[in-house]
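**Student:** Shown below is the structure under consideration.
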Amino acid sequence: EVERVLGGGLVPGSLVLLGGDPGIGKSTLLLHVASGVSSERTILYVSGEESPHQLRLRADRLGIDGSRIAVLSEIGVEAIIGVAEKTRPGVLLVDSIQTAQVEVMDSAPGSVAQVRESATQLLRYAKESQVPVLIAGHVTKDGSIAGPRTLEHLVDVVMYLEGDANSTYRLLRAVKNRFGSTNEVAVLAMGEDGLSEVENPSSVFL
């Protein structure tokens with residue numbers, strides 16, 4: 001479903017932004033993406049919000065085989081890129097851009113300056129290594145302070161995971177896509193096993 005919305009999958013050298021409200025399921029979706037592409041590529045999953053043990057528990061609950069998913073608990077962008085350059089993953093996932101920090105900057109993680117510079121360095125890594133990078137970002141109420149809308153001009157693809165956290169259903173849609181259409185929408189359902197495709201979305205809305 002993610003690759004359908006992207007219109008061709010994770011393009012080499014692309015920087016993809018997955019935005020959404022806190023708690024909407026971005027981390028769960030990232031794990032599903034990691035699982036979906038790990039049969040063909042190695043994955044480096046960087047988490048600044050959860051420990052490797054917490055990610056393992058989540059993956060076990062989702063029934064995800066993590067044998068080809070390497071996990072790094074790190075917020076320093078320089079350190080993240082350093083590990084990526086050494087391990088050369090097929091896909092780099094960063095969860096989330098609000099926790100990332102560039103050491104030479106004095107501002108706190110999550111500030112506009114840190115978010116922009118972190119994304120800029122990850123974009124440079126993606127272009128130089130030709131490794132697709134997917135970053136998650138929280139949307140604030142006004143969509144500006146620490147929200148991913150400050151990054152929309154930097155990245156190649158912007159996807160939003162939308163819905164009510166108290167509801168089962170989620171919409172995944174692209175609002176910017178340099179490699180394909182923005183007309184595709186995925187309807188997903190959040191259950192005990194994570195997110196799954198809703199095969200007949202019209203029945204949900206009716």
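Identifiers in the structure tokens: chain A, B, ... in order shown; residue index from 1 per chain; ligand index from 1 in order shown.
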Might you pull out every residue within 8 Å of Val16 in chain A, with only C-alpha atoms counted and same-chain residues fewer than 5 positions away left off, and present them as an MDAnalysis selection string?
**Tutor:** chainID A and resid 132:135 155:159
**Student:** Once you have the residues from the selection above, write them out as a PDB file, in the first residue's frame, restricted to N, CA, C and O atoms.
**Tutor:**
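That gives us result_39.pdb:
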```pdb
ATOM      1  N   PRO A 132      17.518   5.231  -0.289  1.00  0.00           N
ATOM      2  CA  PRO A 132      16.289   5.926   0.077  1.00  0.00           C
ATOM      3  C   PRO A 132      16.185   6.097   1.581  1.00  0.00           C
ATOM      4  O   PRO A 132      16.487   5.172   2.340  1.00  0.00           O
ATOM      5  N   VAL A 133      15.788   7.283   2.003  1.00  0.00           N
ATOM      6  CA  VAL A 133      15.655   7.607   3.423  1.00  0.00           C
ATOM      7  C   VAL A 133      14.211   7.996   3.699  1.00  0.00           C
ATOM      8  O   VAL A 133      13.645   8.836   2.998  1.00  0.00           O
ATOM      9  N   LEU A 134      13.613   7.370   4.695  1.00  0.00           N
ATOM     10  CA  LEU A 134      12.235   7.666   5.077  1.00  0.00           C
ATOM     11  C   LEU A 134      12.241   8.184   6.505  1.00  0.00           C
ATOM     12  O   LEU A 134      12.721   7.505   7.410  1.00  0.00           O
ATOM     13  N   ILE A 135      11.757   9.406   6.701  1.00  0.00           N
ATOM     14  CA  ILE A 135      11.743  10.010   8.032  1.00  0.00           C
ATOM     15  C   ILE A 135      10.311  10.251   8.474  1.00  0.00           C
ATOM     16  O   ILE A 135       9.437  10.589   7.675  1.00  0.00           O
ATOM     17  N   VAL A 155      12.102  17.831   0.859  1.00  0.00           N
ATOM     18  CA  VAL A 155      12.014  16.394   0.603  1.00  0.00           C
ATOM     19  C   VAL A 155      11.426  16.118  -0.780  1.00  0.00           C
ATOM     20  O   VAL A 155      10.841  16.987  -1.423  1.00  0.00           O
ATOM     21  N   ASP A 156      11.594  14.861  -1.217  1.00  0.00           N
ATOM     22  CA  ASP A 156      11.082  14.456  -2.524  1.00  0.00           C
ATOM     23  C   ASP A 156       9.618  14.039  -2.469  1.00  0.00           C
ATOM     24  O   ASP A 156       8.864  14.253  -3.415  1.00  0.00           O
ATOM     25  N   VAL A 157       9.231  13.408  -1.356  1.00  0.00           N
ATOM     26  CA  VAL A 157       7.874  12.891  -1.203  1.00  0.00           C
ATOM     27  C   VAL A 157       7.358  13.256   0.186  1.00  0.00           C
ATOM     28  O   VAL A 157       8.091  13.135   1.176  1.00  0.00           O
ATOM     29  N   VAL A 158       6.126  13.704   0.251  1.00  0.00           N
ATOM     30  CA  VAL A 158       5.468  13.963   1.532  1.00  0.00           C
ATOM     31  C   VAL A 158       4.206  13.120   1.606  1.00  0.00           C
ATOM     32  O   VAL A 158       3.326  13.232   0.753  1.00  0.00           O
ATOM     33  N   MET A 159       4.145  12.254   2.617  1.00  0.00           N
ATOM     34  CA  MET A 159       2.947  11.451   2.860  1.00  0.00           C
ATOM     35  C   MET A 159       2.397  11.779   4.239  1.00  0.00           C
ATOM     36  O   MET A 159       3.164  12.032   5.170  1.00  0.00           O
TER      37      MET A 159
END
```
**Student:** Pick out the residues sitting within 8 Å of Val198 in chain A, and hand them over as an MDAnalysis selection string; count only C-alpha atoms, and ignore anything fewer than 2 positions along from it in its own chain.
**Tutor:** chainID A and resid 187:189 196 200:201
**Student:** Save the residues we just selected, N, CA, C and O atoms, as a short mmCIF file (atom, residue, chain, number, x, y, z; two decimals), in the first residue's frame?
**Tutor:**
```cif
data_model
loop_
_atom_site.label_atom_id
_atom_site.label_comp_id
_atom_site.auth_asym_id
_atom_site.auth_seq_id
_atom_site.Cartn_x
_atom_site.Cartn_y
_atom_site.Cartn_z
N VAL A 187 -6.42 3.19 2.31
CA VAL A 187 -7.26 3.10 3.51
C VAL A 187 -6.77 1.91 4.33
O VAL A 187 -6.72 0.78 3.84
N LEU A 188 -6.38 2.19 5.56
CA LEU A 188 -5.81 1.17 6.43
C LEU A 188 -6.63 1.05 7.70
O LEU A 188 -7.31 1.99 8.12
N ALA A 189 -6.56 -0.11 8.31
CA ALA A 189 -7.25 -0.35 9.57
C ALA A 189 -6.22 -0.73 10.63
O ALA A 189 -5.34 -1.55 10.39
N SER A 196 -3.45 -2.84 8.53
CA SER A 196 -3.75 -3.74 7.42
C SER A 196 -4.56 -3.00 6.38
O SER A 196 -5.25 -2.02 6.67
N ASN A 200 -11.98 -3.10 0.66
CA ASN A 200 -13.18 -2.49 0.09
C ASN A 200 -13.49 -1.19 0.84
O ASN A 200 -14.39 -1.15 1.68
N PRO A 201 -12.72 -0.11 0.57
CA PRO A 201 -12.88 1.13 1.33
C PRO A 201 -14.27 1.73 1.25
O PRO A 201 -14.75 2.35 2.20
#
```
**Student:** Gly63 in chain A: which residues within 12 Å, counting only C-alpha atoms, same-chain residues fewer than 3 positions away excluded, as a short mmCIF file (atom, residue, chain, number, x, y, z; two decimals) with all heavy atoms, in the first residue's frame?
**Tutor:**
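Everything below was put into out17.cif:
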```cif
data_model
loop_
_atom_site.label_atom_id
_atom_site.label_comp_id
_atom_site.auth_asym_id
_atom_site.auth_seq_id
_atom_site.Cartn_x
_atom_site.Cartn_y
_atom_site.Cartn_z
N THR A 28 4.37 2.33 13.75
CA THR A 28 3.85 1.03 13.33
C THR A 28 3.95 0.89 11.82
O THR A 28 4.37 -0.15 11.30
CB THR A 28 2.38 0.87 13.77
OG1 THR A 28 2.32 0.90 15.20
CG2 THR A 28 1.79 -0.44 13.27
N LEU A 31 7.54 0.20 10.73
CA LEU A 31 7.92 -1.19 10.93
C LEU A 31 7.34 -2.08 9.84
O LEU A 31 7.99 -3.02 9.37
CB LEU A 31 7.47 -1.67 12.31
CG LEU A 31 8.45 -1.42 13.47
CD1 LEU A 31 7.83 -1.86 14.79
CD2 LEU A 31 9.77 -2.12 13.23
N HIS A 32 6.10 -1.81 9.44
CA HIS A 32 5.50 -2.57 8.33
C HIS A 32 6.30 -2.35 7.04
O HIS A 32 6.51 -3.30 6.27
CB HIS A 32 4.05 -2.16 8.13
CG HIS A 32 3.10 -2.76 9.11
ND1 HIS A 32 2.97 -4.11 9.31
CD2 HIS A 32 2.21 -2.17 9.97
CE1 HIS A 32 2.04 -4.34 10.23
NE2 HIS A 32 1.57 -3.18 10.64
N SER A 35 9.50 -4.29 7.28
CA SER A 35 9.23 -5.71 7.07
C SER A 35 8.97 -6.01 5.60
O SER A 35 9.44 -7.02 5.07
CB SER A 35 8.03 -6.14 7.92
OG SER A 35 7.68 -7.48 7.66
N ARG A 56 11.61 -4.28 19.56
CA ARG A 56 11.50 -5.73 19.45
C ARG A 56 10.13 -6.20 19.93
O ARG A 56 9.49 -7.05 19.29
CB ARG A 56 12.62 -6.40 20.25
CG ARG A 56 12.40 -7.87 20.55
CD ARG A 56 12.26 -8.71 19.30
NE ARG A 56 13.48 -8.77 18.54
CZ ARG A 56 13.59 -9.38 17.37
NH1 ARG A 56 12.52 -9.95 16.80
NH2 ARG A 56 14.74 -9.41 16.73
N LEU A 57 9.67 -5.66 21.05
CA LEU A 57 8.35 -6.03 21.56
C LEU A 57 7.26 -5.66 20.57
O LEU A 57 6.32 -6.43 20.34
CB LEU A 57 8.09 -5.35 22.91
CG LEU A 57 8.95 -5.81 24.09
CD1 LEU A 57 8.64 -4.99 25.32
CD2 LEU A 57 8.72 -7.30 24.37
N ARG A 58 7.38 -4.48 19.95
CA ARG A 58 6.39 -4.05 18.97
C ARG A 58 6.42 -4.96 17.74
O ARG A 58 5.38 -5.38 17.23
CB ARG A 58 6.63 -2.60 18.56
CG ARG A 58 5.55 -2.04 17.63
CD ARG A 58 6.03 -0.77 16.97
NE ARG A 58 6.24 0.29 17.94
CZ ARG A 58 5.33 1.21 18.26
NH1 ARG A 58 4.14 1.17 17.69
NH2 ARG A 58 5.60 2.15 19.13
N ALA A 59 7.62 -5.28 17.28
CA ALA A 59 7.76 -6.14 16.10
C ALA A 59 7.19 -7.53 16.39
O ALA A 59 6.52 -8.13 15.53
CB ALA A 59 9.22 -6.25 15.69
N ASP A 60 7.45 -8.08 17.58
CA ASP A 60 6.90 -9.38 17.94
C ASP A 60 5.38 -9.35 17.95
O ASP A 60 4.72 -10.28 17.49
CB ASP A 60 7.42 -9.82 19.32
CG ASP A 60 8.90 -10.20 19.28
OD1 ASP A 60 9.42 -10.41 18.17
OD2 ASP A 60 9.52 -10.26 20.35
N GLY A 66 12.43 -9.65 12.31
CA GLY A 66 13.40 -8.57 12.28
C GLY A 66 14.82 -9.00 11.99
O GLY A 66 15.76 -8.24 12.27
N GLU A 192 -4.95 -5.28 16.36
CA GLU A 192 -3.96 -5.83 17.28
C GLU A 192 -2.67 -6.20 16.56
O GLU A 192 -1.59 -6.19 17.16
CB GLU A 192 -4.54 -7.06 17.99
CG GLU A 192 -5.69 -6.74 18.93
CD GLU A 192 -6.18 -7.96 19.66
OE1 GLU A 192 -5.61 -9.06 19.44
OE2 GLU A 192 -7.12 -7.84 20.46
N ASP A 193 -2.77 -6.56 15.28
CA ASP A 193 -1.60 -6.95 14.50
C ASP A 193 -1.03 -5.79 13.70
O ASP A 193 -0.28 -6.00 12.74
CB ASP A 193 -1.96 -8.10 13.55
CG ASP A 193 -2.40 -9.34 14.31
OD1 ASP A 193 -1.90 -9.55 15.43
OD2 ASP A 193 -3.24 -10.09 13.78
N GLY A 194 -1.41 -4.57 14.06
CA GLY A 194 -0.90 -3.40 13.36
C GLY A 194 -1.84 -2.93 12.27
O GLY A 194 -3.05 -3.11 12.34
N LEU A 195 -1.27 -2.32 11.24
CA LEU A 195 -2.06 -1.75 10.15
C LEU A 195 -2.25 -2.78 9.04
O LEU A 195 -1.31 -3.48 8.66
CB LEU A 195 -1.36 -0.52 9.59
CG LEU A 195 -1.35 0.71 10.50
CD1 LEU A 195 -0.28 1.70 10.06
CD2 LEU A 195 -2.71 1.38 10.53
#
```
**Student:** Write down as a ChimeraX atom specification the residues belonging to range 10-203 of chain A that are assigned helix (DSSP H, G or I) by DSSP computed on the backbone.
**Tutor:** /A:26-37,52-62,77-87,112-129,148-151,201-203
**Student:** What's around Gly191 in chain A at 10 Å? Count only C-alpha atoms, leave out sequence neighbours fewer than 6 positions away in its own chain, and write the answer as a PDB file with N, CA, C and O atoms, in the first residue's frame.
**Tutor:**
```pdb
ATOM      1  N   LEU A  62       3.520  -7.431  16.197  1.00  0.00           N
ATOM      2  CA  LEU A  62       3.042  -7.290  14.821  1.00  0.00           C
ATOM      3  C   LEU A  62       3.356  -8.513  13.969  1.00  0.00           C
ATOM      4  O   LEU A  62       2.961  -8.572  12.804  1.00  0.00           O
ATOM      5  N   THR A 168     -10.610   3.188  14.204  1.00  0.00           N
ATOM      6  CA  THR A 168      -9.836   2.079  13.649  1.00  0.00           C
ATOM      7  C   THR A 168      -9.145   2.458  12.355  1.00  0.00           C
ATOM      8  O   THR A 168      -8.069   1.941  12.056  1.00  0.00           O
ATOM      9  N   TYR A 169      -9.719   3.373  11.594  1.00  0.00           N
ATOM     10  CA  TYR A 169      -9.289   3.590  10.211  1.00  0.00           C
ATOM     11  C   TYR A 169      -8.301   4.749  10.076  1.00  0.00           C
ATOM     12  O   TYR A 169      -8.360   5.738  10.812  1.00  0.00           O
TER      13      TYR A 169
END
```
**Student:** Can you pull out the residues contacting range 104-107 of chain A? Cut-off 12 Å, using only C-alpha atoms, and skip same-chain residues under 3 positions away; I want them as a ChimeraX atom specification.
**Tutor:** /A:76-78,100-101,110-118
**Student:** Which neighbours of range 37-53 of chain A fall inside 6 Å, counting only C-alpha atoms, when residues of the same chain fewer than 3 positions from it are skipped, and could you give them as a list in words?
**Tutor:**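 The residues satisfying every condition are Ala34, Arg56, Arg68, Ile69, Ala70, Val71, Leu72, Ser73, Glu74, Ile75, Pro89, Gly90, Val91, Leu92, Leu93, Val94, Asp95 and Thr99 of chain A.
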**Student:** Based on the selection just made, write N, CA, C and O atoms of those residues as a PDB file, in the first residue's frame.
**Tutor:**
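File produced: result.pdb:
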```
ATOM      1  N   ALA A  34       9.482  -1.532   6.843  1.00  0.00           N
ATOM      2  CA  ALA A  34      10.746  -2.247   7.022  1.00  0.00           C
ATOM      3  C   ALA A  34      10.574  -3.729   6.752  1.00  0.00           C
ATOM      4  O   ALA A  34      11.387  -4.361   6.070  1.00  0.00           O
ATOM      5  N   ARG A  56      11.613  -4.278  19.560  1.00  0.00           N
ATOM      6  CA  ARG A  56      11.499  -5.733  19.450  1.00  0.00           C
ATOM      7  C   ARG A  56      10.130  -6.204  19.932  1.00  0.00           C
ATOM      8  O   ARG A  56       9.493  -7.054  19.294  1.00  0.00           O
ATOM      9  N   ARG A  68      16.515  -9.115   9.320  1.00  0.00           N
ATOM     10  CA  ARG A  68      17.234  -8.259   8.368  1.00  0.00           C
ATOM     11  C   ARG A  68      17.005  -6.777   8.656  1.00  0.00           C
ATOM     12  O   ARG A  68      17.245  -5.922   7.804  1.00  0.00           O
ATOM     13  N   ILE A  69      16.543  -6.478   9.876  1.00  0.00           N
ATOM     14  CA  ILE A  69      16.316  -5.096  10.283  1.00  0.00           C
ATOM     15  C   ILE A  69      17.275  -4.766  11.414  1.00  0.00           C
ATOM     16  O   ILE A  69      17.159  -5.298  12.517  1.00  0.00           O
ATOM     17  N   ALA A  70      18.253  -3.918  11.135  1.00  0.00           N
ATOM     18  CA  ALA A  70      19.184  -3.464  12.167  1.00  0.00           C
ATOM     19  C   ALA A  70      18.594  -2.238  12.847  1.00  0.00           C
ATOM     20  O   ALA A  70      18.054  -1.346  12.182  1.00  0.00           O
ATOM     21  N   VAL A  71      18.682  -2.191  14.164  1.00  0.00           N
ATOM     22  CA  VAL A  71      18.100  -1.098  14.941  1.00  0.00           C
ATOM     23  C   VAL A  71      19.208  -0.283  15.597  1.00  0.00           C
ATOM     24  O   VAL A  71      20.147  -0.846  16.179  1.00  0.00           O
ATOM     25  N   LEU A  72      19.100   1.027  15.483  1.00  0.00           N
ATOM     26  CA  LEU A  72      20.053   1.947  16.102  1.00  0.00           C
ATOM     27  C   LEU A  72      19.291   2.944  16.946  1.00  0.00           C
ATOM     28  O   LEU A  72      18.402   3.638  16.450  1.00  0.00           O
ATOM     29  N   SER A  73      19.619   3.014  18.225  1.00  0.00           N
ATOM     30  CA  SER A  73      19.014   3.998  19.113  1.00  0.00           C
ATOM     31  C   SER A  73      19.954   5.195  19.189  1.00  0.00           C
ATOM     32  O   SER A  73      20.977   5.152  19.887  1.00  0.00           O
ATOM     33  N   GLU A  74      19.633   6.244  18.461  1.00  0.00           N
ATOM     34  CA  GLU A  74      20.554   7.377  18.320  1.00  0.00           C
ATOM     35  C   GLU A  74      19.782   8.608  17.879  1.00  0.00           C
ATOM     36  O   GLU A  74      18.804   8.506  17.136  1.00  0.00           O
ATOM     37  N   ILE A  75      20.213   9.795  18.357  1.00  0.00           N
ATOM     38  CA  ILE A  75      19.587  11.044  17.923  1.00  0.00           C
ATOM     39  C   ILE A  75      20.571  11.934  17.171  1.00  0.00           C
ATOM     40  O   ILE A  75      20.157  12.852  16.470  1.00  0.00           O
ATOM     41  N   PRO A  89      23.015   0.285   4.405  1.00  0.00           N
ATOM     42  CA  PRO A  89      21.709  -0.360   4.333  1.00  0.00           C
ATOM     43  C   PRO A  89      21.046  -0.112   2.992  1.00  0.00           C
ATOM     44  O   PRO A  89      21.406   0.819   2.258  1.00  0.00           O
ATOM     45  N   GLY A  90      20.042  -0.938   2.683  1.00  0.00           N
ATOM     46  CA  GLY A  90      19.260  -0.718   1.468  1.00  0.00           C
ATOM     47  C   GLY A  90      18.253   0.390   1.638  1.00  0.00           C
ATOM     48  O   GLY A  90      17.897   1.075   0.675  1.00  0.00           O
ATOM     49  N   VAL A  91      17.775   0.576   2.888  1.00  0.00           N
ATOM     50  CA  VAL A  91      16.829   1.647   3.220  1.00  0.00           C
ATOM     51  C   VAL A  91      17.163   2.143   4.622  1.00  0.00           C
ATOM     52  O   VAL A  91      17.459   1.340   5.515  1.00  0.00           O
ATOM     53  N   LEU A  92      17.115   3.449   4.811  1.00  0.00           N
ATOM     54  CA  LEU A  92      17.322   4.057   6.125  1.00  0.00           C
ATOM     55  C   LEU A  92      16.004   4.659   6.599  1.00  0.00           C
ATOM     56  O   LEU A  92      15.399   5.470   5.890  1.00  0.00           O
ATOM     57  N   LEU A  93      15.555   4.256   7.788  1.00  0.00           N
ATOM     58  CA  LEU A  93      14.330   4.785   8.387  1.00  0.00           C
ATOM     59  C   LEU A  93      14.709   5.563   9.648  1.00  0.00           C
ATOM     60  O   LEU A  93      15.450   5.044  10.491  1.00  0.00           O
ATOM     61  N   VAL A  94      14.198   6.781   9.783  1.00  0.00           N
ATOM     62  CA  VAL A  94      14.512   7.624  10.937  1.00  0.00           C
ATOM     63  C   VAL A  94      13.215   8.012  11.638  1.00  0.00           C
ATOM     64  O   VAL A  94      12.360   8.677  11.050  1.00  0.00           O
ATOM     65  N   ASP A  95      13.091   7.617  12.892  1.00  0.00           N
ATOM     66  CA  ASP A  95      11.878   7.849  13.679  1.00  0.00           C
ATOM     67  C   ASP A  95      12.258   8.485  15.030  1.00  0.00           C
ATOM     68  O   ASP A  95      12.705   7.810  15.934  1.00  0.00           O
ATOM     69  N   THR A  99      13.363  14.200  17.034  1.00  0.00           N
ATOM     70  CA  THR A  99      14.354  13.824  18.039  1.00  0.00           C
ATOM     71  C   THR A  99      15.776  13.946  17.514  1.00  0.00           C
ATOM     72  O   THR A  99      16.731  13.836  18.286  1.00  0.00           O
TER      73      THR A  99
END
```
**Student:** Please determine, counting only C-alpha atoms, which residue among A:Glu103, A:Glu184, A:Glu128, A:Glu199 has the shortest atom-to-atom distance to Val5 in chain A.
**Tutor:**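 With only C-alpha atoms as the atom set, the closest residue is A:Glu184.
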**Student:** Work out how far apart CA of Val175 in chain A and CA of Ser129 in chain A are and give it in Å to one decimal.
**Tutor:**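 Here the two named atoms are 25.5 Å from each other.
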